[in-house]
Amino acid sequence: MSDDIDGAIVNQLLAALPSEDYQRLVPHLEPIDLIAGEVLCEPGEAMTEAYFPSLAMISLVSIMEDGSTTEISLIGKEGMVGLPVFLGGYSTTSRAIVQIEGSALKLNGNILKSEFDRGGELQKLLLLYTQALFTQASQNAACNRQHNIEERLARWLLTAQNCVMKDELYLTQEFISQMLGTRRSGVTVAAGTLQQAGMIRYTRGKISILNRQALNDTACECYRVIKDEYTRLLNSKWS
């Protein structure tokens, strides 16, 4: 297990808490391994636990009646899954699914709600995170309408790399097309363009980031808008 509850490797939200607040949570934080494809919550399902990823990536996705999916937001070490737990909505219309396996800390929803209701730093931090996540979701919606697939793919790959802090991402083009809400053929062409430019290397089921700066230069403005907002609100360490 790669999570260290004493703080060697921790989620950035938890790491930002004052020591006293964090230590109150420590007895209730359960280190877990999240498996790719694992569904943490379905639409309309009451959430009873919160998840704080360390080295995993989780997607919140919208599901249409025909089964098609589009990603709303990506969550990694900078965030958490479980907003309904402390906001009081109990459930959402999206699915939370693990896209890249890795470690996380799980917290009982009642414990989180109790700590949130104390009105201290945890409450402030989670509300700021909620605003940052809303920015990501709204910017993604605009991005899907305004920018071409190469720009969107570059933005998405940069965000995914930030989530797990790895240069190798085990993802298929079919999966990426579902998250971006576009045809697989479009992702194949865009990935080929990025590969020919030396930004990435794609082999079956794996994408390696080779030139992050070039990828950053190719990404649409949405990546920088979201990054700047996370930095402003949470001082998140985005590259």
# chains A, B, ... in the order shown; residues from 1 in each chain; ligands from 1

call {"tool": "residues_around", "arguments": {"residues": "A:Ile72", "least_positions_apart": "3", "cutoff": "12 Å", "atoms": "only C-alpha atoms", "output": "PyMOL selection string"}}
result
chain A and resi 58-63+69+75+93-97+133-144+156+178-181

call {"tool": "residues_around", "arguments": {"residues": "A:Pro27", "least_positions_apart": "2", "cutoff": "12 Å", "atoms": "only C-alpha atoms", "output": "NGL selection string"}}
result
:A and (5-6 or 21-25 or 29-31 or 105-108 or 111)

call {"tool": "write_last_selection", "arguments": {"atoms": "N, CA, C and O atoms", "output": "short mmCIF file (atom, residue, chain, number, x, y, z; two decimals), in the first residue's frame"}}
result
data_model
loop_
_atom_site.label_atom_id
_atom_site.label_comp_id
_atom_site.auth_asym_id
_atom_site.auth_seq_id
_atom_site.Cartn_x
_atom_site.Cartn_y
_atom_site.Cartn_z
N ILE A 5 -0.48 7.31 5.93
CA ILE A 5 -1.42 8.17 6.63
C ILE A 5 -0.68 9.22 7.45
O ILE A 5 -1.22 10.27 7.79
N ASP A 6 0.57 9.00 7.76
CA ASP A 6 1.35 9.99 8.50
C ASP A 6 1.87 11.09 7.58
O ASP A 6 2.50 12.02 8.04
N ASP A 21 -6.53 19.36 12.65
CA ASP A 21 -7.69 18.87 11.90
C ASP A 21 -7.38 17.54 11.23
O ASP A 21 -8.22 16.63 11.20
N TYR A 22 -6.20 17.44 10.66
CA TYR A 22 -5.82 16.21 9.97
C TYR A 22 -5.73 15.04 10.94
O TYR A 22 -6.20 13.94 10.65
N GLN A 23 -5.15 15.28 12.11
CA GLN A 23 -4.99 14.20 13.08
C GLN A 23 -6.33 13.66 13.57
O GLN A 23 -6.44 12.49 13.94
N ARG A 24 -7.37 14.51 13.58
CA ARG A 24 -8.70 14.02 13.96
C ARG A 24 -9.24 13.02 12.94
O ARG A 24 -10.01 12.13 13.27
N LEU A 25 -8.81 13.20 11.68
CA LEU A 25 -9.28 12.30 10.63
C LEU A 25 -8.49 11.00 10.54
O LEU A 25 -9.01 9.99 10.07
N LEU A 29 -9.29 7.27 8.42
CA LEU A 29 -8.87 7.18 7.03
C LEU A 29 -8.39 5.76 6.74
O LEU A 29 -7.48 5.24 7.39
N GLU A 30 -9.01 5.14 5.75
CA GLU A 30 -8.68 3.76 5.40
C GLU A 30 -7.92 3.71 4.07
O GLU A 30 -8.48 4.06 3.03
N PRO A 31 -6.66 3.29 4.08
CA PRO A 31 -5.92 3.16 2.82
C PRO A 31 -6.52 2.04 1.97
O PRO A 31 -6.76 0.93 2.45
N LEU A 105 -7.42 7.16 -0.03
CA LEU A 105 -7.87 7.06 1.35
C LEU A 105 -9.39 7.20 1.36
O LEU A 105 -9.93 8.12 0.77
N LYS A 106 -10.04 6.26 2.03
CA LYS A 106 -11.50 6.26 2.11
C LYS A 106 -11.93 6.75 3.49
O LYS A 106 -11.32 6.40 4.50
N LEU A 107 -13.01 7.56 3.52
CA LEU A 107 -13.49 8.13 4.77
C LEU A 107 -15.00 7.97 4.85
O LEU A 107 -15.72 8.28 3.89
N ASN A 108 -15.47 7.48 5.98
CA ASN A 108 -16.91 7.34 6.19
C ASN A 108 -17.61 8.68 6.05
O ASN A 108 -17.15 9.70 6.57
N ILE A 111 -18.47 10.71 9.21
CA ILE A 111 -17.31 11.37 9.82
C ILE A 111 -17.00 12.66 9.07
O ILE A 111 -16.76 13.72 9.68
#

call {"tool": "select_by_dssp", "arguments": {"residues": "stretch 24-197 of chain A", "states": "strand (DSSP E)", "output": "PyMOL selection string"}}
result
chain A and resi 30-34+39-41+49-53+57-63+69-75+95-100+102-108+168-169

call {"tool": "select_by_dssp", "arguments": {"residues": "stretch 1-178 of chain A", "states": "alpha helix (DSSP H)", "output": "ChimeraX atom specification"}}
result
/A:12-15,19-25,83-87,109-116,121-146,149-164,173-178

call {"tool": "atom_distance", "arguments": {"atom1": "atom CA of A:Met80", "atom2": "atom CA of A:Ser114"}}
result
16.8 Å

call {"tool": "closest_atom_pairs", "arguments": {"of": "stretch 209-239 of chain A", "to": "stretch 182-196 of chain A", "cutoff": "10 Å", "atoms": "only C-alpha atoms", "output": "Markdown table"}}
result
| residue | atom | partner | partner_atom | distance |
| --- | --- | --- | --- | --- |
| A:Ile209 | CA | A:Gln195 | CA | 9.5 |
| A:Leu210 | CA | A:Gln195 | CA | 9.0 |
| A:Asn211 | CA | A:Leu194 | CA | 9.9 |
| A:Ala214 | CA | A:Leu194 | CA | 9.3 |
| A:Leu215 | CA | A:Leu194 | CA | 8.0 |
| A:Thr218 | CA | A:Leu194 | CA | 8.9 |

call {"tool": "atom_distance", "arguments": {"atom1": "atom CA of A:Val81", "atom2": "atom CA of A:Ala50"}}
result
5.6 Å

call {"tool": "atom_distance", "arguments": {"atom1": "atom CA of A:Leu122", "atom2": "atom CA of A:Val10"}}
result
15.5 Å

call {"tool": "closest_residue", "arguments": {"among": "A:Asp66, A:Glu121, A:Glu49, A:Asp33", "to": "A:Ala15", "atoms": "only C-alpha atoms"}}
result
A:Glu121

call {"tool": "closest_residue", "arguments": {"among": "A:Ser54, A:Gln213, A:Thr159, A:Asn110", "to": "A:Tyr90", "atoms": "only C-alpha atoms"}}
result
A:Asn110

call {"tool": "residues_around", "arguments": {"residues": "A:Ala104", "least_positions_apart": "3", "cutoff": "8 Å", "atoms": "only C-alpha atoms", "output": "ChimeraX atom specification"}}
result
/A:3,11,31-34,51-56

call {"tool": "closest_residue", "arguments": {"among": "A:Thr172, A:Tyr129, A:Thr92, A:Thr203", "to": "A:Glu42", "atoms": "only C-alpha atoms"}}
result
A:Thr92

call {"tool": "closest_residue", "arguments": {"among": "A:Asn235, A:Ile100, A:Lys124, A:Ser91", "to": "A:Gly44", "atoms": "only C-alpha atoms"}}
result
A:Ser91

call {"tool": "residues_around", "arguments": {"residues": "stretch 83-89 of chain A", "least_positions_apart": "2", "cutoff": "7 Å", "atoms": "only C-alpha atoms", "output": "list in words"}}
result
Met47, Thr48, Val81, Ser91, Gly109, Leu112, Lys113 and Phe116 of chain A

call {"tool": "closest_residue", "arguments": {"among": "A:Gly76, A:Pro18, A:Gly205, A:Gly119", "to": "A:Met165", "atoms": "only C-alpha atoms"}}
result
A:Gly76

call {"tool": "residues_around", "arguments": {"residues": "A:Leu125", "least_positions_apart": "3", "cutoff": "9 Å", "atoms": "only C-alpha atoms", "output": "MDAnalysis selection string"}}
result
chainID A and resid 13 16:17 120:122 128:130 233:234

call {"tool": "decode", "arguments": {"residues": "stretch 151-195 of chain A", "atoms": "N, CA and C atoms", "output": "PDB file, in the first residue's frame"}}
result
ATOM      1  N   GLU A 151      -6.552  19.791 -29.656  1.00  0.00           N
ATOM      2  CA  GLU A 151      -6.421  20.666 -28.483  1.00  0.00           C
ATOM      3  C   GLU A 151      -7.037  20.020 -27.254  1.00  0.00           C
ATOM      4  N   ARG A 152      -8.196  19.435 -27.432  1.00  0.00           N
ATOM      5  CA  ARG A 152      -8.894  18.801 -26.309  1.00  0.00           C
ATOM      6  C   ARG A 152      -8.144  17.581 -25.798  1.00  0.00           C
ATOM      7  N   LEU A 153      -7.593  16.777 -26.724  1.00  0.00           N
ATOM      8  CA  LEU A 153      -6.833  15.603 -26.319  1.00  0.00           C
ATOM      9  C   LEU A 153      -5.577  16.011 -25.553  1.00  0.00           C
ATOM     10  N   ALA A 154      -4.876  17.029 -26.028  1.00  0.00           N
ATOM     11  CA  ALA A 154      -3.683  17.512 -25.326  1.00  0.00           C
ATOM     12  C   ALA A 154      -4.047  17.992 -23.929  1.00  0.00           C
ATOM     13  N   ARG A 155      -5.143  18.740 -23.820  1.00  0.00           N
ATOM     14  CA  ARG A 155      -5.604  19.224 -22.514  1.00  0.00           C
ATOM     15  C   ARG A 155      -5.941  18.070 -21.591  1.00  0.00           C
ATOM     16  N   TRP A 156      -6.620  17.066 -22.130  1.00  0.00           N
ATOM     17  CA  TRP A 156      -7.046  15.921 -21.314  1.00  0.00           C
ATOM     18  C   TRP A 156      -5.839  15.113 -20.830  1.00  0.00           C
ATOM     19  N   LEU A 157      -4.862  14.894 -21.695  1.00  0.00           N
ATOM     20  CA  LEU A 157      -3.677  14.117 -21.321  1.00  0.00           C
ATOM     21  C   LEU A 157      -2.866  14.839 -20.240  1.00  0.00           C
ATOM     22  N   LEU A 158      -2.753  16.156 -20.357  1.00  0.00           N
ATOM     23  CA  LEU A 158      -2.052  16.926 -19.330  1.00  0.00           C
ATOM     24  C   LEU A 158      -2.755  16.793 -17.977  1.00  0.00           C
ATOM     25  N   THR A 159      -4.074  16.880 -17.993  1.00  0.00           N
ATOM     26  CA  THR A 159      -4.839  16.767 -16.754  1.00  0.00           C
ATOM     27  C   THR A 159      -4.701  15.377 -16.160  1.00  0.00           C
ATOM     28  N   ALA A 160      -4.766  14.356 -17.001  1.00  0.00           N
ATOM     29  CA  ALA A 160      -4.615  12.981 -16.520  1.00  0.00           C
ATOM     30  C   ALA A 160      -3.236  12.775 -15.901  1.00  0.00           C
ATOM     31  N   GLN A 161      -2.200  13.317 -16.535  1.00  0.00           N
ATOM     32  CA  GLN A 161      -0.851  13.201 -15.988  1.00  0.00           C
ATOM     33  C   GLN A 161      -0.750  13.891 -14.631  1.00  0.00           C
ATOM     34  N   ASN A 162      -1.404  15.039 -14.484  1.00  0.00           N
ATOM     35  CA  ASN A 162      -1.412  15.722 -13.189  1.00  0.00           C
ATOM     36  C   ASN A 162      -2.059  14.869 -12.104  1.00  0.00           C
ATOM     37  N   CYS A 163      -3.091  14.131 -12.478  1.00  0.00           N
ATOM     38  CA  CYS A 163      -3.830  13.332 -11.500  1.00  0.00           C
ATOM     39  C   CYS A 163      -2.957  12.252 -10.865  1.00  0.00           C
ATOM     40  N   VAL A 164      -2.134  11.600 -11.670  1.00  0.00           N
ATOM     41  CA  VAL A 164      -1.409  10.427 -11.178  1.00  0.00           C
ATOM     42  C   VAL A 164       0.101  10.627 -11.106  1.00  0.00           C
ATOM     43  N   MET A 165       0.609  11.769 -11.604  1.00  0.00           N
ATOM     44  CA  MET A 165       2.035  12.075 -11.547  1.00  0.00           C
ATOM     45  C   MET A 165       2.887  11.000 -12.219  1.00  0.00           C
ATOM     46  N   LYS A 166       2.395  10.515 -13.366  1.00  0.00           N
ATOM     47  CA  LYS A 166       3.125   9.502 -14.130  1.00  0.00           C
ATOM     48  C   LYS A 166       3.154   9.904 -15.595  1.00  0.00           C
ATOM     49  N   ASP A 167       4.239   9.540 -16.287  1.00  0.00           N
ATOM     50  CA  ASP A 167       4.349   9.843 -17.703  1.00  0.00           C
ATOM     51  C   ASP A 167       3.706   8.773 -18.577  1.00  0.00           C
ATOM     52  N   GLU A 168       3.437   7.595 -17.995  1.00  0.00           N
ATOM     53  CA  GLU A 168       2.804   6.517 -18.743  1.00  0.00           C
ATOM     54  C   GLU A 168       1.375   6.331 -18.250  1.00  0.00           C
ATOM     55  N   LEU A 169       0.425   6.445 -19.181  1.00  0.00           N
ATOM     56  CA  LEU A 169      -0.987   6.353 -18.852  1.00  0.00           C
ATOM     57  C   LEU A 169      -1.570   5.138 -19.571  1.00  0.00           C
ATOM     58  N   TYR A 170      -2.121   4.216 -18.806  1.00  0.00           N
ATOM     59  CA  TYR A 170      -2.689   3.005 -19.397  1.00  0.00           C
ATOM     60  C   TYR A 170      -4.148   3.272 -19.764  1.00  0.00           C
ATOM     61  N   LEU A 171      -4.327   3.725 -21.006  1.00  0.00           N
ATOM     62  CA  LEU A 171      -5.634   4.145 -21.492  1.00  0.00           C
ATOM     63  C   LEU A 171      -5.772   3.740 -22.956  1.00  0.00           C
ATOM     64  N   THR A 172      -6.952   3.300 -23.331  1.00  0.00           N
ATOM     65  CA  THR A 172      -7.206   2.975 -24.726  1.00  0.00           C
ATOM     66  C   THR A 172      -7.831   4.165 -25.445  1.00  0.00           C
ATOM     67  N   GLN A 173      -7.682   4.198 -26.756  1.00  0.00           N
ATOM     68  CA  GLN A 173      -8.302   5.263 -27.536  1.00  0.00           C
ATOM     69  C   GLN A 173      -9.826   5.178 -27.445  1.00  0.00           C
ATOM     70  N   GLU A 174     -10.357   3.975 -27.338  1.00  0.00           N
ATOM     71  CA  GLU A 174     -11.800   3.812 -27.189  1.00  0.00           C
ATOM     72  C   GLU A 174     -12.284   4.495 -25.921  1.00  0.00           C
ATOM     73  N   PHE A 175     -11.549   4.279 -24.836  1.00  0.00           N
ATOM     74  CA  PHE A 175     -11.920   4.914 -23.569  1.00  0.00           C
ATOM     75  C   PHE A 175     -11.832   6.439 -23.672  1.00  0.00           C
ATOM     76  N   ILE A 176     -10.742   6.944 -24.239  1.00  0.00           N
ATOM     77  CA  ILE A 176     -10.567   8.395 -24.344  1.00  0.00           C
ATOM     78  C   ILE A 176     -11.681   9.009 -25.182  1.00  0.00           C
ATOM     79  N   SER A 177     -12.073   8.331 -26.255  1.00  0.00           N
ATOM     80  CA  SER A 177     -13.151   8.856 -27.098  1.00  0.00           C
ATOM     81  C   SER A 177     -14.454   8.948 -26.317  1.00  0.00           C
ATOM     82  N   GLN A 178     -14.710   7.979 -25.444  1.00  0.00           N
ATOM     83  CA  GLN A 178     -15.911   8.020 -24.609  1.00  0.00           C
ATOM     84  C   GLN A 178     -15.859   9.189 -23.636  1.00  0.00           C
ATOM     85  N   MET A 179     -14.697   9.440 -23.056  1.00  0.00           N
ATOM     86  CA  MET A 179     -14.568  10.533 -22.093  1.00  0.00           C
ATOM     87  C   MET A 179     -14.696  11.893 -22.773  1.00  0.00           C
ATOM     88  N   LEU A 180     -14.172  12.009 -23.985  1.00  0.00           N
ATOM     89  CA  LEU A 180     -14.231  13.281 -24.693  1.00  0.00           C
ATOM     90  C   LEU A 180     -15.543  13.454 -25.451  1.00  0.00           C
ATOM     91  N   GLY A 181     -16.358  12.391 -25.481  1.00  0.00           N
ATOM     92  CA  GLY A 181     -17.634  12.481 -26.164  1.00  0.00           C
ATOM     93  C   GLY A 181     -17.499  12.648 -27.660  1.00  0.00           C
ATOM     94  N   THR A 182     -16.524  11.933 -28.256  1.00  0.00           N
ATOM     95  CA  THR A 182     -16.288  12.053 -29.692  1.00  0.00           C
ATOM     96  C   THR A 182     -16.022  10.675 -30.270  1.00  0.00           C
ATOM     97  N   ARG A 183     -15.925  10.571 -31.586  1.00  0.00           N
ATOM     98  CA  ARG A 183     -15.689   9.288 -32.226  1.00  0.00           C
ATOM     99  C   ARG A 183     -14.257   8.813 -32.014  1.00  0.00           C
ATOM    100  N   ARG A 184     -14.121   7.498 -31.948  1.00  0.00           N
ATOM    101  CA  ARG A 184     -12.785   6.925 -31.774  1.00  0.00           C
ATOM    102  C   ARG A 184     -11.869   7.294 -32.932  1.00  0.00           C
ATOM    103  N   SER A 185     -12.420   7.354 -34.141  1.00  0.00           N
ATOM    104  CA  SER A 185     -11.596   7.686 -35.309  1.00  0.00           C
ATOM    105  C   SER A 185     -10.962   9.060 -35.163  1.00  0.00           C
ATOM    106  N   GLY A 186     -11.700  10.005 -34.544  1.00  0.00           N
ATOM    107  CA  GLY A 186     -11.151  11.337 -34.324  1.00  0.00           C
ATOM    108  C   GLY A 186      -9.997  11.315 -33.334  1.00  0.00           C
ATOM    109  N   VAL A 187     -10.130  10.514 -32.280  1.00  0.00           N
ATOM    110  CA  VAL A 187      -9.056  10.383 -31.289  1.00  0.00           C
ATOM    111  C   VAL A 187      -7.837   9.724 -31.930  1.00  0.00           C
ATOM    112  N   THR A 188      -8.068   8.723 -32.794  1.00  0.00           N
ATOM    113  CA  THR A 188      -6.961   8.032 -33.465  1.00  0.00           C
ATOM    114  C   THR A 188      -6.148   9.012 -34.316  1.00  0.00           C
ATOM    115  N   VAL A 189      -6.837   9.855 -35.067  1.00  0.00           N
ATOM    116  CA  VAL A 189      -6.149  10.836 -35.917  1.00  0.00           C
ATOM    117  C   VAL A 189      -5.402  11.852 -35.055  1.00  0.00           C
ATOM    118  N   ALA A 190      -6.069  12.351 -33.999  1.00  0.00           N
ATOM    119  CA  ALA A 190      -5.436  13.352 -33.127  1.00  0.00           C
ATOM    120  C   ALA A 190      -4.219  12.770 -32.411  1.00  0.00           C
ATOM    121  N   ALA A 191      -4.349  11.541 -31.908  1.00  0.00           N
ATOM    122  CA  ALA A 191      -3.221  10.898 -31.230  1.00  0.00           C
ATOM    123  C   ALA A 191      -2.064  10.683 -32.193  1.00  0.00           C
ATOM    124  N   GLY A 192      -2.383  10.347 -33.452  1.00  0.00           N
ATOM    125  CA  GLY A 192      -1.339  10.173 -34.459  1.00  0.00           C
ATOM    126  C   GLY A 192      -0.598  11.471 -34.733  1.00  0.00           C
ATOM    127  N   THR A 193      -1.337  12.571 -34.765  1.00  0.00           N
ATOM    128  CA  THR A 193      -0.715  13.880 -34.979  1.00  0.00           C
ATOM    129  C   THR A 193       0.216  14.244 -33.827  1.00  0.00           C
ATOM    130  N   LEU A 194      -0.247  14.027 -32.596  1.00  0.00           N
ATOM    131  CA  LEU A 194       0.582  14.323 -31.426  1.00  0.00           C
ATOM    132  C   LEU A 194       1.815  13.417 -31.387  1.00  0.00           C
ATOM    133  N   GLN A 195       1.652  12.169 -31.830  1.00  0.00           N
ATOM    134  CA  GLN A 195       2.782  11.235 -31.836  1.00  0.00           C
ATOM    135  C   GLN A 195       3.803  11.639 -32.897  1.00  0.00           C
TER     136      GLN A 195
END
